[in-house]
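Undergrad: Next up, upload-v1.cif (mmCIF, C-alpha atoms).
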data_data
loop_
_atom_site.label_atom_id
_atom_site.label_comp_id
_atom_site.auth_asym_id
_atom_site.auth_seq_id
_atom_site.Cartn_x
_atom_site.Cartn_y
_atom_site.Cartn_z
CA MET A 110 -29.42 -2.37 4.03
CA SER A 111 -31.14 0.94 3.81
CA GLU A 112 -30.25 2.89 6.89
CA THR A 113 -27.55 5.42 6.23
CA LYS A 114 -24.92 6.01 8.81
CA ASP A 115 -23.36 9.06 10.29
CA LEU A 116 -19.98 8.59 8.69
CA SER A 117 -18.13 10.96 10.96
CA LEU A 118 -18.63 8.35 13.68
CA PHE A 119 -17.19 5.71 11.37
CA LEU A 120 -14.12 7.83 10.62
CA ASP A 121 -13.64 8.81 14.27
CA ARG A 122 -12.92 5.18 15.03
CA ILE A 123 -10.10 5.07 12.48
CA PRO A 124 -6.95 6.96 13.50
CA TYR A 125 -5.35 5.87 10.21
CA ALA A 126 -7.99 7.86 8.29
CA ARG A 127 -6.78 10.98 10.09
CA PHE A 128 -3.16 10.03 9.45
CA LEU A 129 -3.80 9.81 5.71
CA GLY A 130 -6.12 12.81 5.65
CA VAL A 131 -9.24 11.02 4.45
CA GLY A 132 -12.60 12.77 4.59
CA VAL A 133 -16.09 11.76 3.52
CA ASP A 134 -18.56 13.90 1.65
CA ARG A 135 -22.12 12.72 1.76
CA ARG A 136 -24.73 13.90 -0.73
CA GLY A 137 -28.04 12.18 -0.17
CA ASN A 138 -27.50 8.46 -0.57
CA GLU A 139 -24.07 8.84 -2.20
CA ILE A 140 -20.72 9.24 -0.56
CA THR A 141 -17.45 10.40 -2.03
CA THR A 142 -14.24 10.13 -0.08
CA VAL A 143 -11.37 12.56 -0.43
CA LEU A 144 -7.68 12.02 0.20
CA ARG A 145 -6.40 15.53 0.92
CA TYR A 146 -3.01 16.13 -0.58
CA LYS A 147 -0.03 16.54 1.70
CA GLU A 148 3.65 15.94 1.17
CA ASP A 149 3.60 12.86 3.42
CA LEU A 150 1.60 11.02 0.73
CA ILE A 151 4.32 11.29 -1.91
CA GLY A 152 5.97 8.08 -3.05
CA ASN A 153 8.05 9.45 -5.92
CA PRO A 154 9.24 13.03 -5.43
CA VAL A 155 10.79 13.19 -8.91
CA LEU A 156 7.57 12.93 -10.91
CA PRO A 157 6.13 13.80 -8.33
CA ALA A 158 3.55 11.09 -7.66
CA LEU A 159 1.48 9.86 -4.76
CA HIS A 160 2.64 6.65 -3.08
CA GLY A 161 0.86 3.61 -4.52
CA GLY A 162 0.42 2.26 -1.03
CA ALA A 163 -1.34 5.43 0.09
CA ILE A 164 -3.67 5.20 -2.90
CA GLY A 165 -4.32 1.52 -2.17
CA ALA A 166 -5.05 2.27 1.46
CA PHE A 167 -7.39 5.09 0.42
CA LEU A 168 -9.31 2.76 -1.93
CA GLU A 169 -9.59 0.17 0.80
CA MET A 170 -10.87 2.76 3.24
CA THR A 171 -13.40 3.99 0.69
CA ALA A 172 -14.74 0.45 0.24
CA MET A 173 -15.06 0.09 4.00
CA ALA A 174 -16.81 3.46 4.34
CA GLN A 175 -19.29 2.44 1.65
CA LEU A 176 -19.99 -0.81 3.48
CA ALA A 177 -20.48 0.99 6.79
CA PHE A 178 -22.73 3.51 5.04
CA GLU A 179 -24.93 0.90 3.39
CA THR A 180 -25.03 -1.84 6.00
CA GLY A 181 -25.22 0.36 9.06
CA ILE A 182 -22.71 -1.84 10.87
CA ASP A 183 -20.51 0.23 13.17
CA ALA A 184 -17.45 -1.98 13.34
CA PRO A 185 -15.20 -1.63 10.29
CA PRO A 186 -15.62 -4.65 7.97
CA LYS A 187 -12.59 -6.91 7.72
CA PRO A 188 -10.81 -7.04 4.41
CA ILE A 189 -10.36 -10.55 3.00
CA ASN A 190 -8.53 -9.45 -0.10
CA ILE A 191 -8.08 -6.43 -2.30
CA THR A 192 -6.68 -6.14 -5.82
CA ILE A 193 -5.52 -2.72 -6.87
CA ASP A 194 -5.00 -1.69 -10.49
CA TYR A 195 -2.79 1.34 -10.90
CA LEU A 196 -3.95 3.20 -13.99
CA ARG A 197 -2.22 6.58 -13.91
CA SER A 198 0.25 8.15 -11.59
CA GLY A 199 -1.36 10.17 -8.82
CA LYS A 200 -0.49 13.84 -9.03
CA PRO A 201 0.26 15.89 -5.93
CA GLN A 202 -3.31 17.06 -5.45
CA ASP A 203 -6.55 15.92 -3.83
CA THR A 204 -7.85 12.50 -4.87
CA PHE A 205 -11.47 11.38 -4.75
CA ALA A 206 -13.02 7.94 -4.69
CA ARG A 207 -16.33 6.19 -4.86
CA ALA A 208 -17.19 2.60 -4.12
CA ALA A 209 -20.04 0.40 -5.24
CA ILE A 210 -21.07 -2.83 -3.60
CA THR A 211 -21.19 -5.35 -6.42
CA LYS A 212 -22.69 -8.10 -4.29
CA GLN A 213 -23.59 -8.27 -0.66
CA GLY A 214 -24.03 -11.67 0.83
CA ARG A 215 -24.77 -12.60 4.40
CA ARG A 216 -21.13 -12.77 5.40
CA VAL A 217 -19.11 -11.45 2.49
CA ALA A 218 -19.45 -8.36 0.34
CA THR A 219 -17.73 -7.69 -3.00
CA VAL A 220 -16.87 -4.06 -3.56
CA HIS A 221 -15.49 -2.10 -6.52
CA VAL A 222 -13.75 1.25 -6.01
CA GLU A 223 -12.38 3.90 -8.33
CA ALA A 224 -10.21 6.90 -7.55
CA TRP A 225 -9.71 9.97 -9.70
CA GLN A 226 -8.32 13.49 -9.54
CA GLU A 227 -9.46 16.18 -12.01
CA ASP A 228 -11.54 13.94 -14.22
CA LYS A 229 -13.72 11.11 -12.98
CA SER A 230 -13.60 9.46 -16.42
CA ARG A 231 -9.80 9.19 -16.12
CA PRO A 232 -9.36 7.17 -12.92
CA ILE A 233 -5.86 6.93 -11.42
CA ALA A 234 -6.60 3.62 -9.71
CA ALA A 235 -9.32 1.03 -9.28
CA ALA A 236 -9.72 -1.82 -6.85
CA HIS A 237 -11.98 -4.68 -6.13
CA GLY A 238 -12.06 -6.46 -2.84
CA HIS A 239 -13.91 -8.88 -0.65
CA PHE A 240 -14.85 -7.95 2.89
CA LEU A 241 -16.12 -9.97 5.79
CA LEU A 242 -19.13 -8.33 7.34
CA LYS A 243 -19.01 -8.45 11.10
CA GLN A 244 -21.97 -10.18 12.60
CA PRO A 245 -22.74 -9.63 16.26
CA ASP A 246 -20.79 -12.23 18.29
CA GLU A 247 -18.83 -13.44 15.34
CA ALA A 248 -15.08 -13.43 15.51
CA GLU A 249 -12.32 -14.48 13.18
CA ALA A 250 -12.27 -15.05 9.46
CA MET B 226 18.91 -14.87 2.39
CA SER B 227 18.85 -16.98 -0.68
CA ASP B 228 21.03 -15.43 -3.24
CA GLN B 229 23.70 -15.78 -5.83
CA THR B 230 25.03 -12.26 -5.46
CA ASN B 231 26.87 -11.47 -2.29
CA ILE B 232 25.92 -8.14 -0.86
CA SER B 233 27.98 -7.03 2.09
CA PRO B 234 26.27 -5.82 5.26
CA GLU B 235 27.82 -2.42 4.64
CA GLN B 236 26.30 -2.21 1.18
CA ILE B 237 22.95 -3.31 2.57
CA ARG B 238 23.09 -0.55 5.18
CA MET B 239 23.70 1.89 2.37
CA MET B 240 20.82 0.47 0.32
CA LYS B 241 18.40 1.22 3.15
CA ASP B 242 19.15 4.89 2.69
CA VAL B 243 19.02 4.79 -1.08
CA LEU B 244 15.69 3.00 -1.17
CA ILE B 245 13.84 4.84 1.54
CA GLU B 246 15.39 8.29 2.05
CA HIS B 247 13.54 9.89 -0.82
CA VAL B 248 10.05 8.45 -0.15
CA PRO B 249 8.08 10.83 2.08
CA HIS B 250 5.21 8.40 2.62
CA ALA B 251 7.58 5.63 3.70
CA ARG B 252 9.18 8.02 6.16
CA ALA B 253 5.76 9.06 7.47
CA LEU B 254 4.93 5.41 8.18
CA GLY B 255 8.32 4.84 9.87
CA MET B 256 9.21 2.28 7.22
CA LYS B 257 12.73 0.88 7.22
CA VAL B 258 14.62 -1.50 4.97
CA GLU B 259 15.96 -4.09 7.39
CA ASP B 260 17.73 -6.27 4.91
CA ALA B 261 18.23 -6.60 1.19
CA ALA B 262 19.52 -9.10 -1.32
CA ARG B 263 19.39 -9.45 -5.08
CA GLY B 264 15.64 -9.31 -5.84
CA GLU B 265 14.62 -9.50 -2.21
CA ALA B 266 13.73 -6.98 0.48
CA TRP B 267 12.87 -7.09 4.15
CA LEU B 268 11.05 -4.07 5.55
CA SER B 269 9.59 -3.06 8.90
CA VAL B 270 6.95 -0.64 10.12
CA PRO B 271 6.84 -0.01 13.88
CA TYR B 272 3.49 -0.19 15.66
CA ASN B 273 2.00 3.28 15.87
CA GLU B 274 -1.39 4.21 17.29
CA ASP B 275 -1.89 6.71 14.47
CA LEU B 276 -2.05 3.78 12.03
CA VAL B 277 -4.82 1.92 13.82
CA GLY B 278 -7.92 0.92 11.86
CA ASP B 279 -10.32 0.63 14.78
CA ILE B 280 -9.69 2.29 18.13
CA GLU B 281 -11.78 -0.38 19.84
CA THR B 282 -9.37 -3.14 18.87
CA GLY B 283 -6.05 -1.31 18.38
CA VAL B 284 -5.44 -3.36 15.22
CA LEU B 285 -3.45 -1.65 12.46
CA HIS B 286 -5.47 -0.74 9.37
CA GLY B 287 -5.17 -3.06 6.39
CA GLY B 288 -4.08 -0.05 4.36
CA VAL B 289 -0.84 0.17 6.35
CA ILE B 290 -0.04 -3.37 5.25
CA THR B 291 -0.96 -2.47 1.68
CA ALA B 292 1.39 0.54 1.73
CA MET B 293 4.22 -1.49 3.23
CA LEU B 294 3.86 -4.41 0.81
CA ASP B 295 3.56 -2.04 -2.15
CA ASN B 296 6.81 -0.34 -1.18
CA ALA B 297 8.53 -3.62 -0.34
CA CYS B 298 7.54 -5.09 -3.71
CA GLY B 299 8.89 -2.05 -5.53
CA ILE B 300 12.21 -2.35 -3.71
CA ALA B 301 12.48 -6.05 -4.52
CA VAL B 302 11.99 -5.18 -8.19
CA GLN B 303 14.65 -2.47 -8.05
CA LEU B 304 17.02 -4.93 -6.40
CA SER B 305 16.45 -7.45 -9.19
CA LEU B 306 17.28 -5.08 -12.05
CA PRO B 307 20.76 -4.68 -13.50
CA GLU B 308 20.36 -0.92 -13.65
CA ARG B 309 18.17 1.62 -11.99
CA ILE B 310 15.17 2.44 -14.14
CA ALA B 311 11.79 3.89 -13.32
CA ILE B 312 9.18 1.28 -12.41
CA ALA B 313 5.43 1.54 -11.91
CA THR B 314 3.05 -0.76 -10.09
CA LEU B 315 0.56 -2.28 -12.50
CA ASP B 316 -1.39 -4.17 -9.92
CA LEU B 317 -1.14 -5.51 -6.43
CA ARG B 318 -3.31 -8.13 -4.78
CA ILE B 319 -3.30 -8.51 -1.01
CA ASP B 320 -4.84 -11.45 0.83
CA TYR B 321 -5.44 -10.79 4.51
CA MET B 322 -4.91 -13.94 6.56
CA LYS B 323 -5.41 -12.53 10.04
CA PRO B 324 -5.49 -9.17 11.77
CA ALA B 325 -2.20 -7.68 12.94
CA THR B 326 -1.70 -8.07 16.69
CA PRO B 327 -1.94 -4.73 18.53
CA LYS B 328 1.37 -3.27 19.75
CA LEU B 329 3.51 -5.54 17.58
CA ASP B 330 5.70 -4.19 14.78
CA LEU B 331 5.10 -5.25 11.19
CA ASN B 332 7.64 -6.95 8.97
CA ALA B 333 7.51 -7.74 5.29
CA HIS B 334 9.58 -9.90 2.98
CA THR B 335 9.17 -9.58 -0.77
CA HIS B 336 10.78 -11.46 -3.62
CA CYS B 337 10.93 -10.49 -7.27
CA TYR B 338 10.96 -13.95 -8.83
CA LYS B 339 10.78 -13.12 -12.52
CA VAL B 340 11.75 -10.21 -14.71
CA THR B 341 10.86 -10.05 -18.39
CA LYS B 342 11.58 -7.30 -20.89
CA ASN B 343 8.66 -5.21 -19.74
CA ILE B 344 7.29 -6.71 -16.54
CA ALA B 345 8.57 -7.76 -13.12
CA PHE B 346 6.67 -10.30 -11.02
CA VAL B 347 6.79 -10.09 -7.23
CA ARG B 348 5.29 -11.83 -4.26
CA GLY B 349 5.62 -11.29 -0.57
CA ALA B 350 4.21 -11.51 2.91
CA ALA B 351 3.66 -9.32 5.95
CA TYR B 352 4.12 -10.87 9.39
CA HIS B 353 5.14 -10.12 12.96
CA GLU B 354 7.82 -12.68 13.82
CA ASP B 355 7.31 -15.72 11.67
CA GLU B 356 7.05 -15.44 7.93
CA GLU B 357 5.31 -18.82 7.88
CA ASP B 358 2.48 -17.30 9.91
CA PRO B 359 1.61 -14.32 7.71
CA ILE B 360 -0.77 -11.48 8.41
CA ALA B 361 -1.09 -10.97 4.68
CA THR B 362 0.42 -12.19 1.45
CA CYS B 363 0.66 -10.31 -1.80
CA VAL B 364 1.41 -10.69 -5.47
CA GLY B 365 2.11 -7.80 -7.79
CA ASN B 366 3.25 -6.90 -11.29
CA PHE B 367 5.41 -3.92 -12.13
CA MET B 368 6.04 -2.27 -15.45
CA LEU B 369 9.68 -1.53 -16.22
CA ALA B 370 10.87 1.78 -17.67
CA ALA B 371 7.39 3.03 -17.06
CA ASN B 372 8.17 6.66 -17.67
CA ARG B 373 11.07 8.93 -18.41
CA ALA B 374 11.45 10.18 -14.88
CA MET B 375 14.84 9.92 -13.28
CA PRO B 376 14.66 7.02 -10.88
CA MET B 377 15.35 8.90 -7.67
CA PRO B 378 17.28 11.95 -6.52
CA ILE B 379 20.21 10.62 -4.55
CA SER B 380 23.58 12.02 -3.76
CA GLU B 381 26.47 11.17 -6.06
CA GLU B 382 28.13 9.25 -3.25
CA LEU B 383 25.06 7.08 -2.68
CA ARG B 384 24.67 6.68 -6.42
CA GLN B 385 28.14 5.23 -6.73
CA GLN B 386 27.55 2.92 -3.80
CA ALA B 387 24.24 1.85 -5.29
CA ASP B 388 26.02 1.08 -8.56
CA GLN B 389 28.29 -1.29 -6.68
CA VAL B 390 25.35 -3.13 -5.16
CA LEU B 391 23.10 -3.09 -8.18
CA GLY B 392 25.81 -3.83 -10.67
CA GLY B 393 26.16 -0.38 -12.16
CA GLY B 394 24.10 1.18 -14.87
CA LYS B 395 23.12 4.58 -16.11
CA ALA B 396 20.54 6.68 -14.43
CA GLU B 397 18.92 7.64 -17.67
#
Reformat the file's structure so that it appears as structure tokens.

TA:
Amino acid sequence: MSETKDLSLFLDRIPYARFLGVGVDRRGNEITTVLRYKEDLIGNPVLPALHGGAIGAFLEMTAMAQLAFETGIDAPPKPINITIDYLRSGKPQDTFARAAITKQGRRVATVHVEAWQEDKSRPIAAAHGHFLLKQPDEAEA
Amino acid sequence: MSDQTNISPEQIRMMKDVLIEHVPHARALGMKVEDAARGEAWLSVPYNEDLVGDIETGVLHGGVITAMLDNACGIAVQLSLPERIAIATLDLRIDYMKPATPKLDLNAHTHCYKVTKNIAFVRGAAYHEDEEDPIATCVGNFMLAANRAMPMPISEELRQQADQVLGGGKAE
């Protein structure tokens, strides 16, 4: 569980990460993901606010990046479930997220993720999810 | 469609515009409202290689399903309310039953099954052809009158048509 991955390879496999505009910033053994603001991410143009689905997808991708980073497994882990709490509306600006693996078993990992904008202590959304870790030669859930 | 309120196909066609036209992210995903009833929505997202989660499998990313179900749940809530008010997602849980099949379009059906003074309760599923064979199911809670924002900027003509379908109501 120690080897750290080259995350650009992980992201290169995910066209949807490009579609959303997700990047990964690695500092030592920590990674922070960024969802770069663009108009396509807006869900409510009146407020305006980011689309909850885009935020949820970003949290999910952050959890998966953290798992790839810590486990060194190339193939993206499969989500089993994710629960997203929406805490504040997302402003039309860059959003950041960090994930922590709460528990990693042999097959399943539990991950917690938080996303914020200007102030990390005022998260806009949080999620926890379970992911199936791909074993070599193992298929469906 | 299980419903007490009859919504004409013409009104439903109009609702698709009202509910989706102003949501840039829904447009970016190619999301469409296929059908609507009181408290229920049917949406689609066409297969698109830009939305894939792993180029080696061609399977759509789970986040696409999250975005679609989130939007579909919100629409079901709007369609269950007597007037248009701002709503906000409190939480959304998605259970992934199986990966989406590459090249196939996604569909979602959501149902707002309970509305209280403050909260609306919704559940739904994403699937290809058969709702009984879901790719994912979801359950979510929405807060009603979450903020003072105007619900959505729509033309006066659409607003009047929406009032017919949704039973009228003031925008603010």

Undergrad: Could you write out as a PyMOL selection string the residues that the PyMOL selection byres ((chain A) within 8 of (chain B)) matches in the shown file?

TA: chain A and resi 122-128+148-156+160-163+165-167+169-170+184-185+188-196+249-250

Undergrad: For the file shown, what are the residues hit by the PyMOL selection byres ((chain A and resi 201) around 8), laid out as a list in words?

TA: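 Output of the PyMOL selection byres ((chain A and resi 201) around 8): Tyr146, Lys147, Glu148, Ile151, Pro157, Ala158, Leu159, Gly199, Lys200, Gln202 and Asp203 of chain A.
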
Undergrad: Quick one: distance from atom CA of Glu356 of chain B to atom CA of Leu331 of chain B in Å, one decimal?

TA: 10.9 Å

Undergrad: Could you give me, as an MDAnalysis selection string, the residues that sit within 6 Å of (9.8, -3.1, 8.8) in the file's coordinates, counting all atoms listed in the file?

TA: chainID B and resid 256:257 268:270 331:332

Undergrad: As an exercise, work out the distance from atom CA of Leu129 of chain A to atom CA of Asp358 of chain B in Å and give it to one decimal place.

TA: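 Going from atom CA of Leu129 of chain A over to atom CA of Asp358 of chain B covers 28.1 Å.
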
Undergrad: Choose the residue, out of A:Arg207, A:Arg197, A:His237, A:Lys187, that has the smallest atom-to-atom separation from Arg135 of chain A; count all atoms listed in the file.

TA: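 For Arg135 of chain A, the nearest of the given residues is A:Arg207.
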
Undergrad: What's the separation between atom CA of Pro271 of chain B and atom CA of Pro327 of chain B, in Å to one decimal place?

TA: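 The value is 11.0 Å.
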
Undergrad: Would you list the residues near (-10.3, 7.6, -4.8), meaning any protein, DNA or RNA residue with an atom at most 6 Å from that point in file coordinates, counting only C-alpha atoms, as a PyMOL selection string?

TA: chain A and resi 168+204-206+223-225

Undergrad: With the file shown as input, list the residues that the PyMOL selection byres ((chain B and resi 301) around 10) selects, as a PyMOL selection string.

TA: chain B and resi 261-267+296-300+302-306+334-338+345-349

Undergrad: Enclose all atoms of segment 221-233 of chain A listed in the file in an axis-aligned box, grow every side by 4 Å, and hand back centre and edge lengths in Å to one decimal, as AutoDock Vina command-line options.

TA:
--center_x -10.7 --center_y 7.0 --center_z -11.2 --size_x 17.6 --size_y 26.3 --size_z 18.4

Undergrad: Pick from B:Lys339, B:Ala333, B:Ile344, B:Tyr272: nearest to Pro359 of chain B, with all atoms listed in the file counted?

TA: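 Checking each candidate against Pro359 of chain B, we get B:Ala333 as the closest.
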
Undergrad: Can you rebuild segment 233-244 of chain A with all heavy atoms and give it as a CSV table (one decimal), keeping the file's coordinate frame?

TA:
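Result went into rebuild-v3.csv, see below:
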chain,number,residue,atom,x,y,z
A,233,ILE,N,-7.3,7.2,-11.6
A,233,ILE,CA,-5.9,6.9,-11.4
A,233,ILE,C,-5.7,5.5,-10.9
A,233,ILE,O,-4.6,5.0,-11.0
A,233,ILE,CB,-5.2,8.0,-10.5
A,233,ILE,CG1,-5.8,8.0,-9.1
A,233,ILE,CG2,-5.3,9.4,-11.1
A,233,ILE,CD1,-4.9,8.7,-8.1
A,234,ALA,N,-6.7,5.0,-10.2
A,234,ALA,CA,-6.6,3.6,-9.7
A,234,ALA,C,-8.0,3.0,-9.5
A,234,ALA,O,-9.0,3.8,-9.3
A,234,ALA,CB,-5.8,3.6,-8.4
A,235,ALA,N,-8.1,1.7,-9.6
A,235,ALA,CA,-9.3,1.0,-9.3
A,235,ALA,C,-9.0,-0.2,-8.4
A,235,ALA,O,-7.9,-0.7,-8.4
A,235,ALA,CB,-10.0,0.6,-10.6
A,236,ALA,N,-10.0,-0.6,-7.7
A,236,ALA,CA,-9.7,-1.8,-6.8
A,236,ALA,C,-11.0,-2.6,-6.7
A,236,ALA,O,-12.1,-2.1,-6.8
A,236,ALA,CB,-9.2,-1.4,-5.5
A,237,HIS,N,-10.8,-3.9,-6.6
A,237,HIS,CA,-12.0,-4.7,-6.1
A,237,HIS,C,-11.5,-5.6,-5.0
A,237,HIS,O,-10.4,-6.0,-4.9
A,237,HIS,CB,-12.7,-5.5,-7.3
A,237,HIS,CG,-11.8,-6.6,-7.8
A,237,HIS,ND1,-11.9,-7.9,-7.4
A,237,HIS,CD2,-10.9,-6.5,-8.8
A,237,HIS,CE1,-11.1,-8.6,-8.1
A,237,HIS,NE2,-10.4,-7.8,-8.9
A,238,GLY,N,-12.4,-5.7,-4.0
A,238,GLY,CA,-12.1,-6.5,-2.8
A,238,GLY,C,-13.2,-7.2,-2.2
A,238,GLY,O,-14.4,-6.9,-2.6
A,239,HIS,N,-12.9,-8.2,-1.4
A,239,HIS,CA,-13.9,-8.9,-0.6
A,239,HIS,C,-13.8,-8.5,0.8
A,239,HIS,O,-12.6,-8.4,1.3
A,239,HIS,CB,-13.7,-10.4,-0.8
A,239,HIS,CG,-14.0,-10.8,-2.2
A,239,HIS,ND1,-13.1,-11.0,-3.2
A,239,HIS,CD2,-15.2,-11.1,-2.8
A,239,HIS,CE1,-13.6,-11.3,-4.3
A,239,HIS,NE2,-14.9,-11.5,-4.1
A,240,PHE,N,-14.9,-8.3,1.5
A,240,PHE,CA,-14.8,-8.0,2.9
A,240,PHE,C,-15.8,-8.8,3.7
A,240,PHE,O,-16.9,-9.2,3.2
A,240,PHE,CB,-15.3,-6.5,3.0
A,240,PHE,CG,-14.3,-5.5,2.4
A,240,PHE,CD1,-14.4,-5.2,1.1
A,240,PHE,CD2,-13.4,-4.9,3.2
A,240,PHE,CE1,-13.5,-4.4,0.5
A,240,PHE,CE2,-12.4,-4.0,2.7
A,240,PHE,CZ,-12.5,-3.8,1.3
A,241,LEU,N,-15.3,-9.2,4.9
A,241,LEU,CA,-16.1,-10.0,5.8
A,241,LEU,C,-17.0,-9.0,6.6
A,241,LEU,O,-16.4,-8.1,7.3
A,241,LEU,CB,-15.2,-10.8,6.7
A,241,LEU,CG,-15.8,-12.0,7.4
A,241,LEU,CD1,-16.3,-13.0,6.5
A,241,LEU,CD2,-14.7,-12.5,8.4
A,242,LEU,N,-18.3,-9.2,6.6
A,242,LEU,CA,-19.1,-8.3,7.3
A,242,LEU,C,-19.2,-8.9,8.8
A,242,LEU,O,-19.4,-10.1,9.0
A,242,LEU,CB,-20.5,-8.3,6.7
A,242,LEU,CG,-20.5,-7.8,5.2
A,242,LEU,CD1,-21.9,-8.0,4.6
A,242,LEU,CD2,-20.1,-6.3,5.2
A,243,LYS,N,-19.0,-8.0,9.7
A,243,LYS,CA,-19.0,-8.4,11.1
A,243,LYS,C,-20.4,-8.7,11.6
A,243,LYS,O,-21.3,-7.8,11.5
A,243,LYS,CB,-18.3,-7.4,12.0
A,243,LYS,CG,-16.9,-7.7,12.1
A,243,LYS,CD,-16.3,-7.0,13.3
A,243,LYS,CE,-14.8,-7.1,13.2
A,243,LYS,NZ,-14.0,-5.9,13.6
A,244,GLN,N,-20.7,-9.9,12.0
A,244,GLN,CA,-22.0,-10.2,12.6
A,244,GLN,C,-21.8,-10.0,14.1
A,244,GLN,O,-20.7,-10.2,14.6
A,244,GLN,CB,-22.4,-11.6,12.3
A,244,GLN,CG,-22.2,-12.1,10.9
A,244,GLN,CD,-23.2,-11.4,10.0
A,244,GLN,OE1,-24.3,-11.1,10.4
A,244,GLN,NE2,-22.9,-11.2,8.7
